[in-house]
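Below: target_20.tsv (TSV, C-alpha atoms)
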chain	number	residue	atom	x	y	z
A	439	MET	CA	-6.16	-14.84	13.48
A	440	ARG	CA	-7.39	-18.14	12.15
A	441	ARG	CA	-10.66	-19.70	11.21
A	442	ARG	CA	-11.77	-22.40	13.64
A	443	PRO	CA	-12.97	-25.74	12.30
A	444	ALA	CA	-16.76	-26.18	12.38
A	445	THR	CA	-18.04	-24.64	15.59
A	446	THR	CA	-15.02	-22.48	16.35
A	447	ILE	CA	-14.70	-19.30	14.30
A	448	LEU	CA	-11.19	-18.04	13.74
A	449	SER	CA	-9.51	-15.53	11.59
A	450	GLY	CA	-6.56	-13.73	10.46
A	451	LEU	CA	-6.41	-10.64	12.69
A	452	ILE	CA	-5.93	-6.89	12.24
A	453	VAL	CA	-4.82	-4.38	9.81
A	454	ALA	CA	-3.08	-1.36	8.53
A	455	LEU	CA	-3.55	0.90	5.54
A	456	PHE	CA	-2.81	2.44	2.14
A	457	THR	CA	-1.28	1.88	-1.26
A	458	ALA	CA	1.53	3.18	-3.49
A	459	GLY	CA	0.70	6.56	-4.90
A	460	ILE	CA	-1.83	7.46	-2.20
A	461	SER	CA	-0.43	9.81	0.36
A	462	SER	CA	-3.41	11.02	2.37
A	463	ALA	CA	-3.35	9.86	5.99
A	464	ILE	CA	-6.25	8.29	7.84
A	465	ALA	CA	-8.39	10.66	9.80
A	466	ILE	CA	-9.11	8.77	12.97
A	467	GLY	CA	-12.41	9.71	14.60
A	468	THR	CA	-12.80	10.94	18.16
A	469	PRO	CA	-13.10	7.90	20.44
A	470	PRO	CA	-15.79	7.47	23.05
A	471	THR	CA	-15.03	8.75	26.51
A	472	GLY	CA	-14.80	6.67	29.64
A	473	ALA	CA	-12.87	3.73	28.20
A	474	PRO	CA	-11.74	1.49	31.04
A	475	ARG	CA	-8.06	1.08	31.76
A	476	ALA	CA	-6.29	-1.94	33.15
A	477	THR	CA	-4.30	-0.97	36.20
A	478	GLY	CA	-1.91	-3.53	37.54
A	479	SER	CA	0.42	-3.84	40.44
A	480	SER	CA	3.45	-3.76	38.13
A	481	GLY	CA	3.29	-0.26	36.94
A	482	PRO	CA	-7.19	-12.18	20.27
A	483	ALA	CA	-7.52	-15.40	14.28
A	484	ARG	CA	-6.60	-18.00	16.10
A	485	ALA	CA	-3.01	-17.36	15.45
A	486	ALA	CA	-1.65	-19.92	17.82
A	487	LEU	CA	-3.80	-22.53	16.13
A	488	SER	CA	-2.39	-21.30	12.83
A	489	ALA	CA	1.04	-21.97	14.23
A	490	LEU	CA	0.22	-25.48	15.30
A	491	ASN	CA	-1.56	-26.19	12.02
A	492	ASP	CA	1.16	-24.71	9.77
A	493	GLY	CA	-0.13	-21.18	9.57
A	494	SER	CA	-2.13	-21.61	6.44
A	495	ASP	CA	-5.26	-19.76	6.98
A	496	THR	CA	-2.16	3.02	29.60
A	497	PRO	CA	-0.26	5.03	30.51
A	498	ARG	CA	3.36	4.74	29.51
A	499	GLN	CA	5.86	3.52	32.04
A	500	THR	CA	9.12	5.30	32.60
A	501	SER	CA	11.41	4.17	29.79
A	502	SER	CA	14.89	2.89	30.38
A	503	PRO	CA	18.01	4.30	28.68
A	504	THR	CA	18.24	1.14	26.58
A	505	ASP	CA	14.77	1.46	25.11
A	506	ALA	CA	14.80	1.51	21.31
A	507	ALA	CA	13.33	4.39	19.30
A	508	ARG	CA	9.56	4.14	19.34
A	509	PRO	CA	6.69	5.70	17.38
A	510	SER	CA	5.70	9.24	18.33
A	511	PRO	CA	3.64	9.37	21.55
A	512	ARG	CA	1.51	12.08	19.93
A	513	ARG	CA	-0.50	9.46	18.03
A	514	ASP	CA	-3.92	8.71	19.48
A	515	VAL	CA	-3.91	5.07	20.60
A	516	SER	CA	-7.25	5.18	22.41
A	517	ALA	CA	-8.88	2.93	19.80
A	518	TYR	CA	-6.93	0.04	21.34
A	519	GLN	CA	-7.80	0.86	24.93
A	520	GLY	CA	-10.01	-1.17	27.24
A	521	LEU	CA	-12.08	-4.28	26.56
A	522	GLY	CA	-12.27	-5.41	22.94
A	523	ALA	CA	-14.32	-7.87	20.87
A	524	TRP	CA	-13.10	-9.70	17.77
A	525	VAL	CA	-15.27	-10.41	14.72
A	526	ASP	CA	-14.03	-12.11	11.54
A	527	VAL	CA	-15.62	-12.46	8.09
A	528	PHE	CA	-17.02	-15.89	8.93
A	529	ASP	CA	-18.98	-14.33	11.77
A	530	TYR	CA	-20.90	-11.76	9.74
A	531	ALA	CA	-20.33	-11.81	5.95
A	532	PRO	CA	-22.97	-13.74	3.93
A	533	ALA	CA	-20.36	-14.74	1.34
A	534	TYR	CA	-18.53	-16.71	4.05
A	535	HIS	CA	-21.53	-18.17	5.86
A	536	ARG	CA	-21.35	-21.84	6.83
A	537	GLN	CA	-24.74	-23.29	7.67
A	538	TRP	CA	-23.48	-25.53	10.47
A	539	GLU	CA	-22.23	-22.52	12.37
A	540	GLY	CA	-25.68	-21.08	12.87
A	541	SER	CA	-26.88	-17.54	12.34
A	542	GLN	CA	-24.40	-14.78	11.63
A	543	LEU	CA	-23.82	-11.57	13.52
A	544	THR	CA	-25.60	-8.44	12.37
A	545	PRO	CA	-25.17	-4.77	13.30
A	546	ASP	CA	-27.91	-5.32	15.90
A	547	ASP	CA	-25.45	-7.48	17.87
A	548	VAL	CA	-23.37	-4.37	18.55
A	549	ASP	CA	-25.96	-3.43	21.16
A	550	ALA	CA	-25.13	-6.60	23.10
A	551	MET	CA	-21.42	-5.81	22.83
A	552	ALA	CA	-22.05	-2.44	24.42
A	553	LYS	CA	-23.91	-4.09	27.29
A	554	GLN	CA	-20.87	-6.33	27.91
A	555	GLY	CA	-18.69	-3.26	28.32
A	556	VAL	CA	-16.92	-3.59	24.97
A	557	ARG	CA	-15.07	-0.39	24.05
A	558	THR	CA	-13.55	-1.51	20.73
A	559	LEU	CA	-14.85	-3.75	17.95
A	560	PHE	CA	-12.01	-5.37	16.00
A	561	LEU	CA	-13.63	-6.10	12.63
A	562	GLN	CA	-12.09	-8.01	9.73
A	563	ALA	CA	-13.26	-5.57	7.08
A	564	ALA	CA	-11.04	-6.45	4.09
A	565	ARG	CA	-9.70	-9.69	2.69
A	566	LEU	CA	-7.41	-11.04	-0.02
A	567	ASP	CA	-8.97	-14.35	-1.05
A	568	ASP	CA	-7.88	-16.60	-3.90
A	569	ARG	CA	-10.69	-19.08	-3.30
A	570	PRO	CA	-14.47	-18.72	-3.62
A	571	PRO	CA	-16.00	-16.22	-3.15
A	572	GLY	CA	-12.76	-14.56	-4.26
A	573	ILE	CA	-13.17	-11.31	-2.37
A	574	VAL	CA	-10.40	-8.75	-2.72
A	575	GLY	CA	-10.79	-5.54	-0.76
A	576	ILE	CA	-13.69	-4.50	1.50
A	577	VAL	CA	-15.66	-7.65	2.26
A	578	ASP	CA	-19.17	-6.16	2.09
A	579	PRO	CA	-19.04	-2.34	2.02
A	580	GLU	CA	-22.69	-1.79	2.93
A	581	LEU	CA	-22.66	-4.28	5.81
A	582	VAL	CA	-19.27	-3.14	7.10
A	583	GLY	CA	-20.54	0.42	7.01
A	584	ARG	CA	-23.61	-0.46	9.05
A	585	PHE	CA	-21.46	-2.17	11.68
A	586	LEU	CA	-19.29	0.94	11.82
A	587	GLU	CA	-22.27	3.27	12.10
A	588	ARG	CA	-23.98	1.19	14.79
A	589	ALA	CA	-20.80	0.85	16.84
A	590	HIS	CA	-20.18	4.59	16.86
A	591	ALA	CA	-23.79	5.20	17.83
A	592	ARG	CA	-23.22	2.94	20.86
A	593	GLY	CA	-19.95	4.62	21.85
A	594	ILE	CA	-17.80	1.74	20.54
A	595	ARG	CA	-14.69	2.36	18.44
A	596	VAL	CA	-13.94	0.20	15.41
A	597	VAL	CA	-10.48	-1.04	14.46
A	598	ALA	CA	-10.43	-2.65	11.03
A	599	TRP	CA	-8.03	-5.56	10.64
A	600	TYR	CA	-6.53	-7.24	7.62
A	601	LEU	CA	-4.46	-10.37	7.02
A	602	PRO	CA	-1.65	-9.66	4.52
A	603	LYS	CA	-0.37	-12.71	2.67
A	604	PHE	CA	2.98	-11.26	1.55
A	605	GLY	CA	2.76	-12.84	-1.91
A	606	ASP	CA	2.38	-9.35	-3.39
A	607	VAL	CA	3.12	-6.41	-1.10
A	608	GLU	CA	1.43	-3.98	-3.50
A	609	ARG	CA	-1.87	-5.88	-3.32
A	610	ASP	CA	-1.70	-6.00	0.46
A	611	LEU	CA	-1.01	-2.27	0.66
A	612	ALA	CA	-3.87	-1.58	-1.77
A	613	ASN	CA	-6.29	-3.38	0.53
A	614	LEU	CA	-4.97	-1.49	3.53
A	615	ALA	CA	-5.50	1.73	1.60
A	616	LEU	CA	-9.14	0.81	1.14
A	617	LEU	CA	-9.50	0.54	4.90
A	618	ARG	CA	-7.79	3.86	5.37
A	619	ASP	CA	-10.07	5.61	2.92
A	620	PHE	CA	-13.32	3.83	3.80
A	621	ARG	CA	-16.24	6.12	4.59
A	622	PHE	CA	-19.87	5.35	5.36
A	623	GLY	CA	-22.40	8.01	6.27
A	624	GLY	CA	-19.58	10.27	7.36
A	625	GLN	CA	-18.07	7.55	9.58
A	626	GLN	CA	-14.56	6.08	9.30
A	627	PHE	CA	-12.51	3.47	11.11
A	628	ASP	CA	-10.89	4.53	14.37
A	629	GLY	CA	-7.80	2.41	13.78
A	630	ILE	CA	-6.21	-0.17	11.49
A	631	ALA	CA	-4.28	-3.27	12.52
A	632	VAL	CA	-2.19	-5.77	10.57
A	633	ASP	CA	-2.59	-9.47	11.33
A	634	ILE	CA	0.96	-10.79	10.95
A	635	GLU	CA	0.70	-14.55	10.72
A	636	TRP	CA	0.35	-15.81	7.12
A	637	ARG	CA	3.33	-17.81	5.82
A	638	ARG	CA	2.13	-19.90	2.88
A	639	ASP	CA	2.61	-17.32	0.10
A	640	ALA	CA	6.16	-16.47	1.20
A	641	PRO	CA	7.57	-19.70	2.66
A	642	ASP	CA	11.17	-18.48	2.79
A	643	HIS	CA	11.53	-16.87	6.22
A	644	ALA	CA	14.11	-14.29	5.21
A	645	GLU	CA	12.11	-13.14	2.19
A	646	ARG	CA	8.88	-13.02	4.21
A	647	ASN	CA	10.59	-10.91	6.85
A	648	ARG	CA	11.86	-8.55	4.16
A	649	ARG	CA	8.35	-8.14	2.72
A	650	LEU	CA	6.84	-7.67	6.18
A	651	VAL	CA	9.33	-4.93	7.01
A	652	GLU	CA	8.74	-3.24	3.64
A	653	LEU	CA	4.96	-3.33	4.05
A	654	SER	CA	5.19	-1.98	7.60
A	655	ARG	CA	7.55	0.87	6.75
A	656	ARG	CA	5.50	1.97	3.77
A	657	LEU	CA	2.34	1.70	5.82
A	658	ARG	CA	3.86	3.90	8.49
A	659	GLN	CA	4.91	6.49	5.92
A	660	GLU	CA	1.36	6.74	4.58
A	661	ALA	CA	-0.35	6.68	7.99
A	662	GLY	CA	0.77	10.15	9.03
A	663	GLY	CA	0.25	10.78	12.73
A	664	HIS	CA	-2.24	7.98	13.30
A	665	ALA	CA	-1.76	4.84	15.36
A	666	LEU	CA	-1.18	1.42	13.81
A	667	GLY	CA	-1.56	-1.97	15.47
A	668	ALA	CA	0.53	-5.10	14.90
A	669	ILE	CA	-1.13	-8.43	15.67
A	670	VAL	CA	1.72	-10.82	16.36
A	671	TYR	CA	2.55	-14.29	17.58
A	672	PRO	CA	3.78	-14.37	21.18
A	673	PRO	CA	7.57	-14.62	21.42
A	674	VAL	CA	7.34	-17.75	23.56
A	675	LEU	CA	5.61	-19.54	20.67
A	676	LEU	CA	8.20	-18.42	18.12
A	677	GLU	CA	11.24	-18.86	20.32
A	678	ASP	CA	10.47	-21.79	22.63
A	679	ILE	CA	7.46	-23.83	21.54
A	680	LYS	CA	7.94	-23.75	17.74
A	681	PRO	CA	11.33	-22.13	17.01
A	682	ASP	CA	11.28	-23.27	13.37
A	683	PHE	CA	7.88	-21.74	12.65
A	684	TRP	CA	9.01	-18.16	11.95
A	685	PRO	CA	12.76	-17.83	12.67
A	686	GLY	CA	14.27	-14.39	13.12
A	687	PHE	CA	11.01	-12.50	13.47
A	688	PRO	CA	12.07	-8.87	12.84
A	689	TRP	CA	10.98	-7.20	16.08
A	690	SER	CA	13.58	-4.41	15.99
A	691	GLU	CA	12.92	-3.60	12.32
A	692	LEU	CA	9.18	-3.28	13.01
A	693	ALA	CA	9.47	-1.24	16.22
A	694	ALA	CA	9.23	2.17	14.58
A	695	SER	CA	6.29	1.23	12.36
A	696	PHE	CA	3.67	0.30	14.93
A	697	ASP	CA	2.21	2.06	17.93
A	698	VAL	CA	0.37	-0.80	19.63
A	699	TRP	CA	1.26	-4.50	19.82
A	700	LEU	CA	-1.44	-7.17	19.99
A	701	PRO	CA	0.12	-10.54	20.85
A	702	MET	CA	-2.17	-13.52	20.27
A	703	ALA	CA	-1.64	-15.29	23.57
A	704	TYR	CA	-3.96	-18.23	22.84
A	705	TRP	CA	-3.04	-20.54	25.67
A	706	THR	CA	-5.75	-22.96	24.53
A	707	GLU	CA	-3.77	-23.71	21.36
A	708	VAL	CA	-0.40	-24.73	22.77
A	709	PRO	CA	0.55	-28.21	24.01
A	710	THR	CA	0.08	-28.93	27.69
A	711	ALA	CA	3.63	-30.29	27.78
A	712	SER	CA	4.95	-26.83	26.89
A	713	GLY	CA	3.98	-25.55	30.34
A	714	TYR	CA	2.17	-22.59	28.76
A	715	ARG	CA	-1.36	-23.91	28.49
A	716	ASP	CA	-2.28	-21.47	31.21
A	717	GLY	CA	-4.17	-18.20	30.88
A	718	TYR	CA	-2.00	-16.30	33.32
A	719	ARG	CA	1.46	-17.57	32.42
A	720	TYR	CA	1.10	-17.35	28.65
A	721	ALA	CA	-0.40	-13.84	28.70
A	722	GLU	CA	2.01	-12.42	31.27
A	723	GLU	CA	5.03	-13.75	29.42
A	724	ALA	CA	3.65	-12.61	26.06
A	725	VAL	CA	3.49	-9.00	27.26
A	726	ARG	CA	6.85	-9.08	29.01
A	727	ARG	CA	8.73	-10.68	26.12
A	728	VAL	CA	7.16	-8.50	23.43
A	729	ARG	CA	8.49	-5.48	25.30
A	730	ALA	CA	11.87	-7.11	25.77
A	731	ASN	CA	12.16	-7.99	22.07
A	732	LEU	CA	11.25	-4.44	21.14
A	733	GLN	CA	13.78	-3.13	23.68
A	734	ASP	CA	10.99	-0.89	24.90
A	735	SER	CA	9.75	-1.35	28.45
A	736	SER	CA	6.93	1.10	27.76
A	737	ALA	CA	5.65	-0.53	24.55
A	738	LEU	CA	1.86	-0.31	24.40
A	739	VAL	CA	0.16	-3.70	24.36
A	740	HIS	CA	-3.39	-4.89	23.80
A	741	ILE	CA	-3.26	-8.54	24.84
A	742	ILE	CA	-5.49	-11.11	23.12
A	743	GLY	CA	-6.32	-14.40	24.85
A	744	GLY	CA	-8.32	-17.41	23.77
A	745	VAL	CA	-9.74	-19.31	22.08
A	746	ALA	CA	-12.94	-18.54	24.02
A	747	ASP	CA	-15.09	-21.61	23.43
A	748	VAL	CA	-12.35	-24.02	24.49
A	749	ALA	CA	-11.17	-21.94	27.43
A	750	SER	CA	-12.26	-22.41	31.02
A	751	VAL	CA	-13.56	-19.57	33.14
A	752	ALA	CA	-10.70	-20.27	35.57
A	753	ASP	CA	-8.18	-19.74	32.78
A	754	VAL	CA	-9.90	-16.52	31.72
A	755	MET	CA	-9.61	-15.35	35.33
A	756	GLY	CA	-5.90	-16.11	35.13
A	757	PHE	CA	-5.70	-14.11	31.91
A	758	VAL	CA	-7.45	-11.22	33.67
A	759	ARG	CA	-4.88	-11.35	36.47
A	760	ALA	CA	-2.09	-11.06	33.88
A	761	VAL	CA	-3.90	-8.10	32.32
A	762	ARG	CA	-4.10	-6.31	35.65
A	763	GLU	CA	-0.46	-6.97	36.53
A	764	SER	CA	1.06	-6.14	33.14
A	765	ASN	CA	0.01	-2.51	32.68
A	766	VAL	CA	-1.53	-3.14	29.26
A	767	LEU	CA	-3.52	-0.68	27.21
A	768	GLY	CA	-6.32	-3.11	26.40
A	769	TRP	CA	-7.42	-6.74	26.48
A	770	SER	CA	-9.73	-9.19	24.72
A	771	VAL	CA	-10.23	-12.87	23.91
A	772	TYR	CA	-10.83	-14.48	20.54
A	773	ASP	CA	-13.58	-14.20	19.55
A	774	TYR	CA	-16.79	-12.34	20.38
A	775	ARG	CA	-19.22	-14.94	19.12
A	776	THR	CA	-17.81	-17.79	21.19
A	777	THR	CA	-17.28	-15.96	24.50
A	778	SER	CA	-19.65	-17.18	27.23
A	779	GLY	CA	-21.51	-15.05	29.74
A	780	PRO	CA	-19.26	-16.06	32.67
A	781	GLU	CA	-16.19	-15.28	30.54
A	782	TRP	CA	-17.54	-11.79	29.80
A	783	GLU	CA	-18.08	-11.26	33.51
A	784	ALA	CA	-14.46	-12.21	34.15
A	785	LEU	CA	-13.16	-9.95	31.37
A	786	GLN	CA	-15.08	-7.00	32.74
A	787	GLN	CA	-13.15	-7.32	36.01
A	788	ALA	CA	-9.89	-6.45	34.26
A	789	GLY	CA	-11.06	-2.86	33.96
A	790	ALA	CA	-12.34	-2.53	37.51
A	791	SER	CA	-10.40	-0.15	39.72
As structure tokens, how would this structure be written, given the file I've shared?
Amino acid sequence: MRRRPATTILSGLIVALFTAGISSAIAIGTPPTGAPRATGSSGPARAALSALNDGSDTPRQTSSPTDAARPSPRRDVSAYQGLGAWVDVFDYAPAYHRQWEGSQLTPDDVDAMAKQGVRTLFLQAARLDDRPPGIVGIVDPELVGRFLERAHARGIRVVAWYLPKFGDVERDLANLALLRDFRFGGQQFDGIAVDIEWRRDAPDHAERNRRLVELSRRLRQEAGGHALGAIVYPPVLLEDIKPDFWPGFPWSELAASFDVWLPMAYWTEVPTASGYRDGYRYAEEAVRRVRANLQDSSALVHIIGGVADVASVADVMGFVRAVRESNVLGWSVYDYRTTSGPEWEALQQAGAS
């Protein structure tokens, strides 16, 4: 996920866990009941902006005989189910506050999320930053903990996300371990997702892929029986729109490491001439091609659309149609702070029976 210029708040989306030498798995809390499910007729960072700007900051279907080996279905993936809301460090952390963006979110805003029908808060809770304020690890432990506590009190799950930079796999894994082990008032994160989009610290594609696969495999080994999410660029962006951006993305090598896939189908960030600046087409193809690249027709997907403040309500309605037709586990747009009232109303329809 990517930070938006000025009025648009972006980020580097979602996370995973652990570090070398730590072997305890994450204990995922019991999720709230009643999470809505998208049911279709066929059975969000601003990552796309990162791509265009050089990347510097359900029920399972019946699987086919050709489906690749997938993570164990025994893992609880409910933290990724239903309507989600995305919050990055620029939205809530005082160290990252920019005056021109107005007031920041506080734990009190979780109440409004609950009223919008949000079932999962995706919170950027850790960061690896080599610029001021130079935060490494949990961004603001006390504040993060209060968000976590308030969300659970309102029946909202919290998935912590982290943007690895692949310059040092050990440092990235150490930050993920902090998310895994984070506790506040007896509360812990309900899931961890890895935002796979940063390229600058490992510009060689082959070496970056190697480090990504290593991080993912080691993360999986330390995660025990708990679900992990992979936030990824949509295949159409990597294969058709910008084929030189991240060549040879290692879908098959990552398949066994992650339980849920979160493609950043930001139709607002692709050129009109591509034919994909369309909420329905970009989202529908993102889901279908992620599953095809994984060779897994039953791969669990939480689809992310956006970017909210430059999207039209009509496009969000198209996105909702793709959600309902694609048999996804969950859905959201990037990000919470910039989503309008009419857009929330449209998103709520994706979970209606």
Point to revise | Contacts of stretch 541-552 of chain A within 12 Å, all atoms listed in the file, excl. fewer than 2 positions in-chain, as a VMD selection string | key: chain A and resid 445 447 470 473 521 to 539 554 to 561 580 to 596 773 to 777 779 782 786
Between atom CA of A:Gly605 and atom CA of A:His643, what is the distance, to one decimal in Å?
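Straight-line distance from atom CA of A:Gly605 to atom CA of A:His643 works out to 12.6 Å.
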Could you check the closest approach to A:Leu785 for each of A:Ala564, A:Arg648, A:Pro709, A:Gly520 and tell me which residue wins, using only C-alpha atoms?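 Looking only at the distances to A:Leu785, the closest residue turns out to be A:Gly520.
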Computed gap from atom CA of A:Gln733 to atom CA of A:Met755 is 28.8 Å
- What does the distance between atom CA of A:Pro701 and atom CA of A:Asp633 come to in Å, to one decimal place?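 A separation of 10.0 Å between them.
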Save stretch 530-539 of chain A of the structure in the block above to a file, with all heavy atoms included, as a compact mmCIF listing (two decimals), in the first residue's frame.
# COMPACT_ATOMS: atom_id res chain seq x y z
N TYR A 530 -3.03 7.64 11.66
CA TYR A 530 -3.25 7.64 13.11
C TYR A 530 -2.03 7.94 13.97
O TYR A 530 -2.18 8.34 15.13
CB TYR A 530 -3.83 6.30 13.54
CG TYR A 530 -2.82 5.17 13.61
CD1 TYR A 530 -2.16 4.87 14.80
CD2 TYR A 530 -2.52 4.39 12.48
CE1 TYR A 530 -1.24 3.83 14.86
CE2 TYR A 530 -1.61 3.36 12.55
CZ TYR A 530 -0.97 3.09 13.75
OH TYR A 530 -0.06 2.07 13.80
N ALA A 531 -0.81 7.74 13.48
CA ALA A 531 0.38 7.84 14.32
C ALA A 531 0.89 9.28 14.39
O ALA A 531 1.20 9.88 13.35
CB ALA A 531 1.48 6.93 13.79
N PRO A 532 0.99 9.89 15.57
CA PRO A 532 1.46 11.27 15.69
C PRO A 532 2.81 11.52 15.03
O PRO A 532 3.05 12.59 14.48
CB PRO A 532 1.54 11.48 17.21
CG PRO A 532 0.50 10.55 17.76
CD PRO A 532 0.56 9.33 16.88
N ALA A 533 3.71 10.53 15.05
CA ALA A 533 5.04 10.71 14.46
C ALA A 533 4.97 10.93 12.95
O ALA A 533 5.91 11.46 12.36
CB ALA A 533 5.91 9.49 14.77
N TYR A 534 3.86 10.52 12.32
CA TYR A 534 3.72 10.65 10.88
C TYR A 534 2.68 11.68 10.46
O TYR A 534 2.29 11.75 9.30
CB TYR A 534 3.35 9.29 10.27
CG TYR A 534 4.48 8.29 10.34
CD1 TYR A 534 4.54 7.37 11.39
CD2 TYR A 534 5.49 8.27 9.38
CE1 TYR A 534 5.58 6.46 11.47
CE2 TYR A 534 6.53 7.35 9.46
CZ TYR A 534 6.57 6.46 10.50
OH TYR A 534 7.60 5.55 10.59
N HIS A 535 2.22 12.47 11.43
CA HIS A 535 1.15 13.42 11.14
C HIS A 535 1.63 14.52 10.19
O HIS A 535 2.71 15.08 10.36
CB HIS A 535 0.64 14.06 12.43
CG HIS A 535 -0.57 14.89 12.23
ND1 HIS A 535 -0.85 16.00 13.01
CD2 HIS A 535 -1.58 14.81 11.33
CE1 HIS A 535 -1.98 16.54 12.61
NE2 HIS A 535 -2.44 15.84 11.59
N ARG A 536 0.79 14.84 9.20
CA ARG A 536 1.03 15.95 8.29
C ARG A 536 -0.12 16.92 8.45
O ARG A 536 -1.28 16.57 8.21
CB ARG A 536 1.12 15.44 6.85
CG ARG A 536 2.31 14.52 6.63
CD ARG A 536 2.29 13.86 5.27
NE ARG A 536 3.48 13.07 5.05
CZ ARG A 536 3.69 12.31 3.98
NH1 ARG A 536 2.75 12.23 3.05
NH2 ARG A 536 4.80 11.62 3.84
N GLN A 537 0.20 18.14 8.84
CA GLN A 537 -0.83 19.10 9.21
C GLN A 537 -1.89 19.31 8.14
O GLN A 537 -3.07 19.46 8.42
CB GLN A 537 -0.18 20.44 9.57
CG GLN A 537 0.71 20.40 10.81
CD GLN A 537 -0.06 20.11 12.08
OE1 GLN A 537 -1.23 20.47 12.22
NE2 GLN A 537 0.59 19.44 13.03
N TRP A 538 -1.46 19.31 6.87
CA TRP A 538 -2.40 19.60 5.80
C TRP A 538 -3.44 18.49 5.59
O TRP A 538 -4.40 18.67 4.86
CB TRP A 538 -1.66 19.87 4.49
CG TRP A 538 -0.86 18.71 3.97
CD1 TRP A 538 -1.31 17.65 3.24
CD2 TRP A 538 0.53 18.49 4.17
NE1 TRP A 538 -0.29 16.78 2.95
CE2 TRP A 538 0.87 17.27 3.51
CE3 TRP A 538 1.56 19.19 4.81
CZ2 TRP A 538 2.15 16.75 3.50
CZ3 TRP A 538 2.84 18.67 4.80
CH2 TRP A 538 3.13 17.47 4.14
N GLU A 539 -3.22 17.36 6.22
CA GLU A 539 -4.16 16.26 6.07
C GLU A 539 -5.26 16.24 7.13
O GLU A 539 -6.12 15.37 7.14
CB GLU A 539 -3.40 14.92 6.08
CG GLU A 539 -2.52 14.77 4.85
CD GLU A 539 -1.68 13.50 4.88
OE1 GLU A 539 -1.49 12.96 5.99
OE2 GLU A 539 -1.23 13.07 3.82
